[in-house]
$ cat upload_5.cif   # mmCIF, C-alpha atoms and all ligand atoms
data_query
#
loop_
_atom_site.label_atom_id
_atom_site.label_comp_id
_atom_site.auth_asym_id
_atom_site.auth_seq_id
_atom_site.Cartn_x
_atom_site.Cartn_y
_atom_site.Cartn_z
CA MET F 1 -2.64 -70.76 194.16
CA ARG F 2 -5.37 -71.48 191.60
CA ILE F 3 -4.46 -74.76 189.92
CA LEU F 4 -5.81 -76.02 186.60
CA VAL F 5 -5.70 -79.83 186.62
CA THR F 6 -6.10 -81.49 183.21
CA GLY F 7 -7.27 -85.11 183.21
CA GLY F 8 -8.42 -84.70 186.80
CA ALA F 9 -11.23 -87.25 186.41
CA GLY F 10 -8.79 -90.07 185.61
CA PHE F 11 -7.01 -92.47 187.92
CA ILE F 12 -4.01 -90.38 189.02
CA GLY F 13 -5.49 -86.92 188.40
CA SER F 14 -8.50 -87.64 190.61
CA GLN F 15 -6.24 -88.91 193.40
CA TYR F 16 -4.29 -85.66 193.15
CA VAL F 17 -7.43 -83.50 193.27
CA ARG F 18 -8.98 -85.49 196.14
CA SER F 19 -5.77 -85.33 198.17
CA ILE F 20 -5.21 -81.57 197.71
CA LEU F 21 -8.80 -80.51 198.31
CA SER F 22 -9.43 -82.82 201.25
CA ALA F 23 -6.29 -81.50 203.01
CA ASP F 24 -6.90 -77.78 202.44
CA PRO F 25 -10.25 -75.98 202.76
CA ALA F 26 -8.68 -72.91 201.07
CA ALA F 27 -7.32 -74.78 198.01
CA SER F 28 -8.62 -73.89 194.56
CA ILE F 29 -8.69 -76.38 191.68
CA THR F 30 -10.35 -76.37 188.28
CA VAL F 31 -10.53 -79.81 186.69
CA PHE F 32 -10.54 -79.76 182.89
CA ASP F 33 -11.35 -83.18 181.46
CA LYS F 34 -12.88 -84.57 178.27
CA LEU F 35 -14.31 -87.57 180.14
CA THR F 36 -13.02 -90.16 177.67
CA TYR F 37 -13.62 -93.85 178.40
CA SER F 38 -11.16 -93.62 181.35
CA GLY F 39 -12.41 -90.35 182.84
CA VAL F 40 -15.13 -90.72 185.48
CA GLU F 41 -16.53 -87.55 187.04
CA ALA F 42 -17.78 -89.56 190.03
CA ASN F 43 -14.11 -90.13 190.96
CA LEU F 44 -14.28 -86.56 192.24
CA ALA F 45 -17.54 -86.96 194.18
CA PRO F 46 -15.74 -87.01 197.57
CA VAL F 47 -14.59 -83.39 197.02
CA ALA F 48 -17.39 -82.11 194.77
CA ASN F 49 -18.75 -79.88 197.55
CA HIS F 50 -15.41 -78.24 198.31
CA PRO F 51 -15.84 -74.46 197.79
CA GLY F 52 -12.64 -74.27 195.71
CA TYR F 53 -13.60 -77.04 193.27
CA THR F 54 -14.79 -76.43 189.69
CA PHE F 55 -15.29 -79.01 186.96
CA VAL F 56 -15.17 -78.08 183.27
CA ARG F 57 -15.69 -80.69 180.58
CA GLY F 58 -13.48 -80.10 177.56
CA ASP F 59 -10.78 -81.34 175.24
CA ILE F 60 -7.18 -80.16 175.64
CA CYS F 61 -6.91 -80.10 171.82
CA ASP F 62 -9.70 -77.49 171.63
CA VAL F 63 -7.81 -74.17 171.41
CA ASP F 64 -10.80 -71.97 172.32
CA ALA F 65 -11.95 -74.09 175.26
CA VAL F 66 -8.40 -74.27 176.63
CA ASP F 67 -7.94 -70.53 176.19
CA GLN F 68 -11.13 -69.87 178.16
CA VAL F 69 -10.40 -72.25 181.01
CA MET F 70 -6.74 -71.21 181.39
CA ALA F 71 -7.50 -67.58 182.31
CA GLY F 72 -7.02 -66.77 185.98
CA HIS F 73 -4.93 -69.80 186.94
CA ASP F 74 -1.52 -69.65 188.62
CA ALA F 75 -0.37 -73.17 187.77
CA VAL F 76 -1.20 -76.14 185.56
CA VAL F 77 -0.82 -79.79 186.56
CA HIS F 78 -1.14 -81.68 183.30
CA PHE F 79 -2.32 -85.30 183.60
CA ALA F 80 -4.67 -85.53 180.61
CA ALA F 81 -3.50 -88.21 178.20
CA GLU F 82 -4.37 -91.36 176.38
CA SER F 83 -2.63 -93.72 178.77
CA HIS F 84 -2.93 -97.37 177.75
CA VAL F 85 -0.07 -98.95 175.77
CA ASP F 86 -2.25 -101.71 174.26
CA ARG F 87 -4.70 -99.13 172.88
CA SER F 88 -1.77 -97.20 171.33
CA ILE F 89 -0.69 -100.38 169.53
CA ALA F 90 -4.23 -100.85 168.19
CA GLY F 91 -4.36 -97.21 167.00
CA ALA F 92 -1.88 -94.37 167.62
CA GLY F 93 -4.03 -91.47 166.31
CA PRO F 94 -5.69 -90.39 169.59
CA PHE F 95 -2.32 -90.71 171.37
CA VAL F 96 -0.55 -88.29 169.05
CA MET F 97 -3.53 -85.93 169.08
CA THR F 98 -4.13 -85.75 172.82
CA ASN F 99 -0.64 -86.35 174.18
CA VAL F 100 1.38 -84.28 171.70
CA VAL F 101 -1.02 -81.75 170.13
CA GLY F 102 -3.08 -81.32 173.32
CA THR F 103 0.07 -80.59 175.33
CA GLN F 104 1.18 -78.00 172.77
CA VAL F 105 -2.25 -76.31 172.94
CA LEU F 106 -2.01 -76.17 176.74
CA LEU F 107 1.55 -74.84 176.71
CA ASP F 108 0.59 -72.07 174.27
CA ALA F 109 -2.43 -71.08 176.36
CA ALA F 110 -0.43 -71.14 179.60
CA ARG F 111 2.17 -68.91 177.98
CA LYS F 112 -0.42 -66.52 176.60
CA HIS F 113 -2.11 -66.16 179.99
CA GLY F 114 1.14 -65.79 181.91
CA VAL F 115 0.41 -68.83 184.08
CA GLY F 116 3.20 -69.45 186.59
CA ARG F 117 4.27 -73.06 186.82
CA PHE F 118 3.40 -75.78 184.29
CA LEU F 119 3.88 -79.25 185.79
CA HIS F 120 3.93 -81.87 183.04
CA VAL F 121 3.21 -85.42 184.23
CA SER F 122 5.38 -87.77 182.19
CA THR F 123 6.33 -91.42 182.55
CA ASP F 124 9.41 -93.62 182.96
CA GLU F 125 8.37 -95.32 179.71
CA VAL F 126 9.95 -92.42 177.77
CA TYR F 127 13.38 -93.89 178.64
CA GLY F 128 12.64 -97.18 176.83
CA SER F 129 13.86 -100.37 178.48
CA ILE F 130 16.94 -100.97 180.66
CA THR F 131 18.62 -104.32 181.35
CA GLU F 132 20.80 -103.28 184.28
CA GLY F 133 21.00 -100.26 186.59
CA SER F 134 18.45 -97.44 186.79
CA TRP F 135 17.67 -94.33 184.75
CA THR F 136 18.70 -90.92 185.99
CA GLU F 137 16.93 -87.85 184.60
CA ASP F 138 19.67 -87.10 182.05
CA TRP F 139 19.32 -90.51 180.39
CA PRO F 140 18.51 -90.22 176.66
CA LEU F 141 14.87 -90.83 175.75
CA ALA F 142 14.34 -93.99 173.67
CA PRO F 143 10.62 -94.82 173.81
CA ASN F 144 9.36 -97.97 172.10
CA SER F 145 5.54 -97.90 172.02
CA PRO F 146 3.31 -95.34 170.30
CA TYR F 147 2.11 -94.41 173.83
CA SER F 148 5.59 -93.77 175.22
CA SER F 149 6.70 -92.02 172.01
CA SER F 150 3.76 -89.63 172.24
CA LYS F 151 4.55 -89.02 175.93
CA ALA F 152 8.21 -88.38 175.02
CA GLY F 153 7.02 -85.87 172.41
CA SER F 154 4.96 -83.99 175.00
CA ASP F 155 7.71 -84.22 177.63
CA LEU F 156 10.25 -82.71 175.21
CA LEU F 157 7.79 -80.03 174.07
CA ALA F 158 7.26 -78.94 177.68
CA LEU F 159 11.02 -78.70 178.23
CA ALA F 160 11.42 -76.87 174.91
CA TYR F 161 8.90 -74.21 176.04
CA HIS F 162 11.10 -73.65 179.09
CA ARG F 163 14.27 -73.28 177.01
CA THR F 164 12.72 -71.36 174.12
CA HIS F 165 10.20 -69.14 175.87
CA GLY F 166 11.53 -69.16 179.43
CA MET F 167 8.30 -70.73 180.71
CA ASP F 168 8.34 -72.12 184.25
CA VAL F 169 8.08 -75.83 183.39
CA VAL F 170 8.76 -78.88 185.59
CA VAL F 171 8.50 -82.46 184.30
CA THR F 172 7.98 -85.54 186.46
CA ARG F 173 8.61 -89.07 185.13
CA CYS F 174 6.97 -91.75 187.19
CA SER F 175 6.97 -95.54 187.27
CA ASN F 176 3.88 -97.82 187.18
CA ASN F 177 1.12 -96.65 189.50
CA TYR F 178 -1.45 -98.76 191.29
CA GLY F 179 -4.27 -97.96 193.70
CA PRO F 180 -8.03 -97.32 193.82
CA TYR F 181 -10.00 -95.86 190.87
CA GLN F 182 -7.61 -97.30 188.21
CA PHE F 183 -9.48 -98.21 185.02
CA PRO F 184 -9.89 -102.00 184.96
CA GLU F 185 -7.87 -102.48 181.77
CA LYS F 186 -4.50 -102.10 183.56
CA VAL F 187 -2.94 -105.22 185.01
CA ILE F 188 -3.65 -104.89 188.75
CA PRO F 189 -7.34 -103.88 188.54
CA LEU F 190 -7.95 -106.16 185.54
CA PHE F 191 -6.54 -109.26 187.24
CA THR F 192 -8.09 -108.36 190.61
CA THR F 193 -11.60 -107.83 189.23
CA ASN F 194 -11.39 -110.92 186.99
CA LEU F 195 -10.37 -113.03 189.98
CA ILE F 196 -13.15 -111.55 192.15
CA ASP F 197 -15.56 -112.83 189.48
CA GLY F 198 -13.85 -116.23 189.23
CA LYS F 199 -12.58 -115.38 185.72
CA ARG F 200 -9.20 -116.23 184.21
CA VAL F 201 -6.38 -113.68 183.78
CA PRO F 202 -4.21 -113.09 180.67
CA LEU F 203 -0.45 -113.00 181.32
CA TYR F 204 1.72 -111.65 178.49
CA GLY F 205 4.50 -113.96 177.20
CA ASP F 206 6.59 -115.63 179.90
CA GLY F 207 5.68 -112.92 182.45
CA GLY F 208 9.35 -111.94 182.75
CA ASN F 209 8.84 -108.20 182.12
CA ILE F 210 9.89 -106.14 185.14
CA ARG F 211 8.06 -103.04 186.36
CA ASP F 212 8.74 -100.63 189.23
CA TRP F 213 5.52 -100.11 191.24
CA LEU F 214 4.43 -97.02 193.17
CA HIS F 215 1.20 -96.35 195.04
CA VAL F 216 -0.77 -93.56 193.36
CA SER F 217 -0.83 -91.48 196.58
CA ASP F 218 2.99 -91.49 196.63
CA HIS F 219 3.07 -90.39 192.99
CA CYS F 220 0.73 -87.49 193.79
CA ARG F 221 2.84 -86.41 196.79
CA GLY F 222 5.87 -86.35 194.50
CA ILE F 223 4.01 -84.28 191.89
CA ASP F 224 2.88 -81.77 194.50
CA LEU F 225 6.42 -81.43 195.90
CA ALA F 226 7.77 -80.86 192.39
CA LEU F 227 4.99 -78.33 191.72
CA ARG F 228 5.68 -76.28 194.84
CA LYS F 229 9.43 -76.77 195.37
CA GLY F 230 10.96 -78.17 192.17
CA ARG F 231 13.40 -76.06 190.19
CA SER F 232 12.19 -74.57 186.94
CA GLY F 233 13.23 -76.43 183.79
CA GLN F 234 14.06 -79.60 185.74
CA VAL F 235 12.96 -83.21 185.38
CA TYR F 236 12.28 -85.33 188.49
CA ASN F 237 11.96 -89.11 188.44
CA ILE F 238 9.37 -90.50 190.86
CA GLY F 239 9.59 -94.22 191.55
CA GLY F 240 8.78 -96.79 194.17
CA GLY F 241 11.88 -98.96 194.16
CA VAL F 242 9.69 -102.08 194.13
CA GLU F 243 10.61 -104.07 191.04
CA LEU F 244 8.58 -107.16 190.23
CA THR F 245 8.25 -109.38 187.19
CA ASN F 246 4.70 -109.59 185.89
CA LYS F 247 4.81 -113.24 186.89
CA GLU F 248 5.70 -112.35 190.50
CA LEU F 249 2.92 -109.75 190.54
CA THR F 250 0.45 -112.31 189.15
CA GLY F 251 1.49 -114.75 191.89
CA LEU F 252 0.69 -112.12 194.56
CA LEU F 253 -2.71 -111.36 193.01
CA LEU F 254 -3.56 -115.07 192.73
CA ASP F 255 -2.56 -115.63 196.39
CA ALA F 256 -4.70 -112.70 197.53
CA ALA F 257 -7.68 -114.18 195.65
CA GLY F 258 -7.03 -117.71 196.92
CA ALA F 259 -6.64 -118.82 193.28
CA GLY F 260 -3.98 -120.97 191.59
CA TRP F 261 -1.94 -120.82 188.39
CA ASP F 262 -4.67 -122.79 186.61
CA MET F 263 -6.51 -119.41 186.41
CA VAL F 264 -3.79 -117.93 184.19
CA ASP F 265 -3.91 -117.85 180.38
CA HIS F 266 -0.46 -117.34 178.86
CA VAL F 267 -1.22 -115.03 175.94
CA GLN F 268 0.98 -113.84 173.09
CA ASP F 269 3.41 -111.16 174.25
CA ARG F 270 2.62 -107.48 173.64
CA LYS F 271 4.37 -106.19 170.50
CA GLY F 272 7.62 -104.36 171.34
CA HIS F 273 7.10 -105.17 175.04
CA ASP F 274 9.72 -103.29 177.13
CA LEU F 275 11.61 -105.78 179.30
CA ARG F 276 12.49 -103.69 182.33
CA TYR F 277 11.83 -100.23 183.77
CA SER F 278 13.93 -98.95 186.66
CA LEU F 279 14.18 -95.40 188.00
CA ASP F 280 16.88 -93.72 190.06
CA ILE F 281 15.05 -91.30 192.40
CA THR F 282 18.13 -89.79 194.06
CA LYS F 283 17.40 -86.32 192.64
CA ILE F 284 13.88 -85.88 194.05
CA ARG F 285 14.93 -87.55 197.30
CA GLU F 286 17.94 -85.25 197.84
CA GLU F 287 16.52 -82.00 196.44
CA LEU F 288 12.93 -82.20 197.63
CA GLY F 289 13.08 -84.71 200.50
CA TYR F 290 10.78 -87.16 198.68
CA GLU F 291 10.33 -90.69 199.98
CA PRO F 292 7.55 -93.14 199.08
CA GLN F 293 5.43 -93.85 202.17
CA VAL F 294 3.19 -96.76 201.20
CA THR F 295 4.87 -100.18 201.26
CA PHE F 296 3.92 -102.41 198.35
CA GLU F 297 2.49 -104.99 200.75
CA GLU F 298 0.11 -102.50 202.43
CA GLY F 299 -0.69 -100.71 199.19
CA LEU F 300 -1.55 -103.88 197.29
CA ALA F 301 -3.70 -105.24 200.13
CA SER F 302 -5.67 -101.98 200.43
CA THR F 303 -6.04 -101.73 196.65
CA ILE F 304 -7.43 -105.27 196.36
CA ALA F 305 -9.78 -104.53 199.28
CA TRP F 306 -10.98 -101.38 197.51
CA TYR F 307 -11.88 -103.33 194.33
CA ARG F 308 -13.67 -105.94 196.46
CA GLU F 309 -15.72 -103.20 198.12
CA ASN F 310 -16.38 -101.10 195.02
CA ARG F 311 -17.91 -103.37 192.41
CA ALA F 312 -20.42 -100.62 191.64
CA TRP F 313 -17.49 -98.48 190.42
CA TRP F 314 -15.70 -100.98 188.17
CA GLU F 315 -18.43 -103.31 186.88
CA PRO F 316 -20.16 -100.78 184.58
CA LEU F 317 -16.76 -99.68 183.21
CA LYS F 318 -15.87 -103.28 182.35
CA VAL F 319 -19.26 -103.94 180.75
CA LYS F 320 -18.98 -100.78 178.64
CA ALA F 321 -15.38 -101.54 177.62
CA ALA F 322 -16.40 -105.09 176.58
CA GLN F 323 -19.30 -103.72 174.48
CA GLU F 324 -16.97 -101.27 172.74
CA SER F 325 -14.21 -103.78 171.94
N1 LIG D 401 -0.90 -94.98 185.18
C1 LIG D 401 0.42 -95.00 185.35
O1 LIG D 401 0.98 -95.96 185.84
C2 LIG D 401 1.24 -93.78 184.94
C3 LIG D 401 2.60 -93.76 185.28
C4 LIG D 401 3.35 -92.62 184.95
C5 LIG D 401 2.75 -91.54 184.32
N2 LIG D 401 1.43 -91.61 184.00
C6 LIG D 401 0.82 -90.43 183.35
O2 LIG D 401 -0.12 -89.89 184.26
C7 LIG D 401 -1.20 -89.28 183.57
C8 LIG D 401 -2.52 -89.81 184.07
O3 LIG D 401 -2.56 -91.23 183.86
P1 LIG D 401 -3.78 -92.10 184.38
O4 LIG D 401 -3.29 -93.47 184.60
O5 LIG D 401 -4.50 -91.38 185.46
O6 LIG D 401 -4.68 -92.09 183.06
P2 LIG D 401 -6.26 -92.25 182.89
O7 LIG D 401 -6.42 -92.85 181.54
O8 LIG D 401 -6.87 -92.93 184.06
O9 LIG D 401 -6.79 -90.74 182.91
C9 LIG D 401 -6.64 -89.87 181.82
C10 LIG D 401 -7.61 -88.72 182.00
O10 LIG D 401 -7.38 -87.78 180.93
C11 LIG D 401 -8.63 -87.43 180.36
N3 LIG D 401 -8.40 -87.08 178.95
C12 LIG D 401 -7.97 -87.91 177.96
N4 LIG D 401 -7.90 -87.25 176.80
C13 LIG D 401 -8.26 -85.96 177.06
C14 LIG D 401 -8.38 -84.79 176.25
N5 LIG D 401 -8.10 -84.82 174.95
N6 LIG D 401 -8.75 -83.64 176.86
C15 LIG D 401 -9.06 -83.61 178.18
N7 LIG D 401 -8.99 -84.69 178.98
C16 LIG D 401 -8.58 -85.86 178.43
C17 LIG D 401 -9.50 -88.67 180.51
O11 LIG D 401 -10.88 -88.38 180.41
C18 LIG D 401 -9.08 -89.14 181.90
O12 LIG D 401 -9.83 -88.51 182.89
C19 LIG D 401 -0.93 -89.54 182.09
O13 LIG D 401 -0.33 -88.40 181.54
C20 LIG D 401 0.02 -90.71 182.09
O14 LIG D 401 0.86 -90.71 180.96
C21 LIG D 401 0.66 -92.70 184.30
#
$ encode --input "upload_5.cif" --output "structure tokens" --more "lines below"
Ligand SMILES: NC(=O)c1ccc[n+]([C@@H]2O[C@H](COP(=O)([O-])OP(=O)(O)OC[C@H]3O[C@@H](n4cnc5c(N)ncnc54)[C@H](O)[C@@H]3O)[C@@H](O)[C@H]2O)c1
Amino acid sequence: MRILVTGGAGFIGSQYVRSILSADPAASITVFDKLTYSGVEANLAPVANHPGYTFVRGDICDVDAVDQVMAGHDAVVHFAAESHVDRSIAGAGPFVMTNVVGTQVLLDAARKHGVGRFLHVSTDEVYGSITEGSWTEDWPLAPNSPYSSSKAGSDLLALAYHRTHGMDVVVTRCSNNYGPYQFPEKVIPLFTTNLIDGKRVPLYGDGGNIRDWLHVSDHCRGIDLALRKGRSGQVYNIGGGVELTNKELTGLLLDAAGAGWDMVDHVQDRKGHDLRYSLDITKIREELGYEPQVTFEEGLASTIAWYRENRAWWEPLKVKAAQES
């Protein structure tokens, strides 16, 4: 199967590409990525010599470039997106363009070229916020941020192409990911790298917001299962079942760094901050035999160790982000 992976130089996409290529000498993957601020081609260095690996730099909104790269592929795994909620609050334009329009361009090209399966990587944030219980896949979408609204738009477009055109589409909706190679603007790498440097960390509001955490390798295993065995036209939630308040998470990161609460700045809450995300993963567990494998304890420890050992990866990204802000 020749797979086109969009956004394959980002945090989750690069984990997916590394895991597939390192496990299978016969695998074939084309990465199509614009290399925005969060895309780093070096994330793919460990598999760059794999005979089945090709990298193409391009924008998913560029109809001609997408048309060219799509030809000859059997499946698409679509990660490319603007992914940071805070940036979507500062300016929604790139989110609507890449997440909604870019997805439409890809769907049209996949249809034109008769590509088999189109796996759209969505997020649990499309469901909004839930006070009690957990979302199943048939829960209505009620996104609150410009980021999650643009992801809901793309998620619904993908499903509409299945219903309208009979395309072979599968959508996955995943909870918060953590792990190596995550851009140091997201909470775990931001707090970890700040604390490594003896800097303070900014905690939103009272820190009571609850997130479900999943190691990035478990997310990618779920995506690959859905790609190969999921039923066409279906949505699969992928979650970790580890719910923590941001305050509890901060406590764990402070402990790991040997730092105290005096290192925390309580900053004004994010606008429209969703209180709680919680996913029911019964469907993927029962239909596809999915189970997360990395415990949060092991995953967090190995992630923190990775940031300690890979300053050369994150320091230039932080310096550049600070210069641009
Ligand atoms: N990070 C999470 O916790 C999480 C959870 C659930 C779902 N997701 C989804 O997973 C996907 C990947 O997220 P991530 O955390 O790896 O994001 P990321 O920001 O690390 O990576 C995004 C990648 O997409 C590329 N890209 C952006 N705009 C592009 C464009 N117009 N054309 C081509 N490439 C473009 C970037 O260069 C980058 O390589 C996204 O669709 C996101 O919504 C993320």
$ closest_residue --input "upload_5.cif" --among "F:Tyr127, F:Tyr178, F:Phe118, F:Phe191" --to "ligand LIG 401 (chain D)" --atoms "all atoms listed in the file"
F:Tyr178
$ closest_atom_pairs --input "upload_5.cif" --of "chain F" --to "ligand LIG 401 (chain D)" --cutoff "8 Å" --atoms "all atoms listed in the file" --output "JSON lines"
{"residue": "F:Thr6", "atom": "CA", "partner": "D:LIG401", "partner_atom": "N7", "distance": 6.0}
{"residue": "F:Gly7", "atom": "CA", "partner": "D:LIG401", "partner_atom": "O10", "distance": 3.5}
{"residue": "F:Gly8", "atom": "CA", "partner": "D:LIG401", "partner_atom": "O12", "distance": 5.6}
{"residue": "F:Ala9", "atom": "CA", "partner": "D:LIG401", "partner_atom": "O12", "distance": 4.0}
{"residue": "F:Gly10", "atom": "CA", "partner": "D:LIG401", "partner_atom": "O12", "distance": 3.3}
{"residue": "F:Phe11", "atom": "CA", "partner": "D:LIG401", "partner_atom": "O5", "distance": 3.7}
{"residue": "F:Ile12", "atom": "CA", "partner": "D:LIG401", "partner_atom": "O5", "distance": 3.7}
{"residue": "F:Gly13", "atom": "CA", "partner": "D:LIG401", "partner_atom": "O5", "distance": 5.4}
{"residue": "F:Ser14", "atom": "CA", "partner": "D:LIG401", "partner_atom": "O5", "distance": 7.5}
{"residue": "F:Phe32", "atom": "CA", "partner": "D:LIG401", "partner_atom": "C15", "distance": 6.3}
{"residue": "F:Asp33", "atom": "CA", "partner": "D:LIG401", "partner_atom": "N7", "distance": 3.7}
{"residue": "F:Lys34", "atom": "CA", "partner": "D:LIG401", "partner_atom": "C15", "distance": 3.9}
{"residue": "F:Leu35", "atom": "CA", "partner": "D:LIG401", "partner_atom": "O11", "distance": 3.5}
{"residue": "F:Thr36", "atom": "CA", "partner": "D:LIG401", "partner_atom": "O11", "distance": 3.9}
{"residue": "F:Tyr37", "atom": "CA", "partner": "D:LIG401", "partner_atom": "O11", "distance": 6.4}
{"residue": "F:Ser38", "atom": "CA", "partner": "D:LIG401", "partner_atom": "O7", "distance": 4.8}
{"residue": "F:Gly39", "atom": "CA", "partner": "D:LIG401", "partner_atom": "O12", "distance": 3.2}
{"residue": "F:Val40", "atom": "CA", "partner": "D:LIG401", "partner_atom": "O12", "distance": 6.3}
{"residue": "F:Glu41", "atom": "CA", "partner": "D:LIG401", "partner_atom": "O12", "distance": 7.9}
{"residue": "F:Arg57", "atom": "CA", "partner": "D:LIG401", "partner_atom": "C15", "distance": 7.6}
{"residue": "F:Gly58", "atom": "CA", "partner": "D:LIG401", "partner_atom": "C15", "distance": 5.7}
{"residue": "F:Asp59", "atom": "CA", "partner": "D:LIG401", "partner_atom": "N6", "distance": 3.5}
{"residue": "F:Ile60", "atom": "CA", "partner": "D:LIG401", "partner_atom": "N6", "distance": 4.0}
{"residue": "F:Cys61", "atom": "CA", "partner": "D:LIG401", "partner_atom": "N5", "distance": 5.8}
{"residue": "F:His78", "atom": "CA", "partner": "D:LIG401", "partner_atom": "O13", "distance": 7.0}
{"residue": "F:Phe79", "atom": "CA", "partner": "D:LIG401", "partner_atom": "C7", "distance": 4.1}
{"residue": "F:Ala80", "atom": "CA", "partner": "D:LIG401", "partner_atom": "O10", "distance": 3.5}
{"residue": "F:Ala81", "atom": "CA", "partner": "D:LIG401", "partner_atom": "C12", "distance": 4.5}
{"residue": "F:Glu82", "atom": "CA", "partner": "D:LIG401", "partner_atom": "C12", "distance": 5.2}
{"residue": "F:Ser83", "atom": "CA", "partner": "D:LIG401", "partner_atom": "O7", "distance": 4.8}
{"residue": "F:His84", "atom": "CA", "partner": "D:LIG401", "partner_atom": "O7", "distance": 6.9}
{"residue": "F:Met97", "atom": "CA", "partner": "D:LIG401", "partner_atom": "N5", "distance": 7.5}
{"residue": "F:Thr98", "atom": "CA", "partner": "D:LIG401", "partner_atom": "N5", "distance": 4.6}
{"residue": "F:Asn99", "atom": "CA", "partner": "D:LIG401", "partner_atom": "O13", "distance": 7.6}
{"residue": "F:Gly102", "atom": "CA", "partner": "D:LIG401", "partner_atom": "N5", "distance": 6.3}
{"residue": "F:His120", "atom": "CA", "partner": "D:LIG401", "partner_atom": "O13", "distance": 7.9}
{"residue": "F:Val121", "atom": "CA", "partner": "D:LIG401", "partner_atom": "O13", "distance": 5.4}
{"residue": "F:Ser122", "atom": "CA", "partner": "D:LIG401", "partner_atom": "C5", "distance": 5.1}
{"residue": "F:Thr123", "atom": "CA", "partner": "D:LIG401", "partner_atom": "C5", "distance": 4.0}
{"residue": "F:Asp124", "atom": "CA", "partner": "D:LIG401", "partner_atom": "C4", "distance": 6.5}
{"residue": "F:Glu125", "atom": "CA", "partner": "D:LIG401", "partner_atom": "C4", "distance": 7.7}
{"residue": "F:Lys151", "atom": "CA", "partner": "D:LIG401", "partner_atom": "O14", "distance": 6.5}
{"residue": "F:Arg173", "atom": "CA", "partner": "D:LIG401", "partner_atom": "C4", "distance": 6.3}
{"residue": "F:Cys174", "atom": "CA", "partner": "D:LIG401", "partner_atom": "C4", "distance": 4.3}
{"residue": "F:Ser175", "atom": "CA", "partner": "D:LIG401", "partner_atom": "C3", "distance": 5.1}
{"residue": "F:Asn176", "atom": "CA", "partner": "D:LIG401", "partner_atom": "O1", "distance": 3.7}
{"residue": "F:Asn177", "atom": "CA", "partner": "D:LIG401", "partner_atom": "O1", "distance": 3.7}
{"residue": "F:Tyr178", "atom": "CA", "partner": "D:LIG401", "partner_atom": "O1", "distance": 6.6}
{"residue": "F:Gln182", "atom": "CA", "partner": "D:LIG401", "partner_atom": "O8", "distance": 6.1}
{"residue": "F:Phe183", "atom": "CA", "partner": "D:LIG401", "partner_atom": "O8", "distance": 6.0}
$ residues_around --input "upload_5.cif" --residues "Arg117 (chain F)" --least-positions-apart "5" --cutoff "6 Å" --atoms "all atoms listed in the file" --output "list of chain:residue names"
F:Ala75, F:Asp168, F:Val169
$ atom_distance --input "upload_5.cif" --atom1 "CA of Gly251 (chain F)" --atom2 "CA of Arg270 (chain F)"
19.7 Å
$ closest_residue --input "upload_5.cif" --among "F:Tyr53, F:Phe296, F:Trp213, F:Tyr277" --to "Ser28 (chain F)" --atoms "only C-alpha atoms"
F:Tyr53
$ closest_residue --input "upload_5.cif" --among "F:Ala45, F:Val187, F:Val76, F:Ala312" --to "Arg18 (chain F)" --atoms "all atoms listed in the file"
F:Ala45
$ closest_residue --input "upload_5.cif" --among "F:Leu249, F:Ile196, F:Val201, F:Leu225" --to "Arg285 (chain F)" --atoms "all atoms listed in the file"
F:Leu225
$ residues_near_point --input "upload_5.cif" --point "(-14.6, -113.3, 186.4)" --cutoff "12 Å" --atoms "all atoms listed in the file" --output "short mmCIF file (atom, residue, chain, number, x, y, z; two decimals) with C-alpha atoms, in the frame of the given file"
data_model
loop_
_atom_site.label_atom_id
_atom_site.label_comp_id
_atom_site.auth_asym_id
_atom_site.auth_seq_id
_atom_site.Cartn_x
_atom_site.Cartn_y
_atom_site.Cartn_z
CA LEU F 190 -7.95 -106.16 185.54
CA PHE F 191 -6.54 -109.26 187.24
CA THR F 192 -8.09 -108.36 190.61
CA THR F 193 -11.60 -107.83 189.23
CA ASN F 194 -11.39 -110.92 186.99
CA LEU F 195 -10.37 -113.03 189.98
CA ILE F 196 -13.15 -111.55 192.15
CA ASP F 197 -15.56 -112.83 189.48
CA GLY F 198 -13.85 -116.23 189.23
CA LYS F 199 -12.58 -115.38 185.72
CA ARG F 200 -9.20 -116.23 184.21
CA VAL F 201 -6.38 -113.68 183.78
CA PRO F 202 -4.21 -113.09 180.67
CA ALA F 257 -7.68 -114.18 195.65
CA ALA F 259 -6.64 -118.82 193.28
CA MET F 263 -6.51 -119.41 186.41
CA VAL F 264 -3.79 -117.93 184.19
CA GLU F 315 -18.43 -103.31 186.88
CA LYS F 318 -15.87 -103.28 182.35
CA VAL F 319 -19.26 -103.94 180.75
#
$ residues_around --input "upload_5.cif" --residues "Gly289 (chain F)" --least-positions-apart "3" --cutoff "12 Å" --atoms "all atoms listed in the file" --output "list of chain:residue names"
F:Arg221, F:Gly222, F:Leu225, F:Ala226, F:Lys229, F:Gly230, F:Ile238, F:Ile281, F:Thr282, F:Lys283, F:Ile284, F:Arg285, F:Glu286, F:Pro292
$ closest_residue --input "upload_5.cif" --among "F:Leu227, F:Leu279, F:Ala48, F:Leu253" --to "Thr136 (chain F)" --atoms "all atoms listed in the file"
F:Leu279
$ atom_distance --input "upload_5.cif" --atom1 "CA of Val267 (chain F)" --atom2 "CA of Glu324 (chain F)"
21.2 Å
$ atom_distance --input "upload_5.cif" --atom1 "CA of Glu137 (chain F)" --atom2 "CA of Gly233 (chain F)"
12.0 Å
$ decode --input "upload_5.cif" --residues "region 212-219 of chain F" --atoms "C-alpha atoms" --output "short mmCIF file (atom, residue, chain, number, x, y, z; two decimals), in the first residue's frame"
data_model
loop_
_atom_site.label_atom_id
_atom_site.label_comp_id
_atom_site.auth_asym_id
_atom_site.auth_seq_id
_atom_site.Cartn_x
_atom_site.Cartn_y
_atom_site.Cartn_z
CA ASP F 212 -7.60 12.78 28.72
CA TRP F 213 -3.95 11.95 27.89
CA LEU F 214 -2.64 9.40 25.40
CA HIS F 215 0.93 8.63 24.39
CA VAL F 216 1.53 9.55 20.74
CA SER F 217 2.65 5.99 19.89
CA ASP F 218 -0.72 4.66 21.11
CA HIS F 219 -2.53 7.25 18.98
#
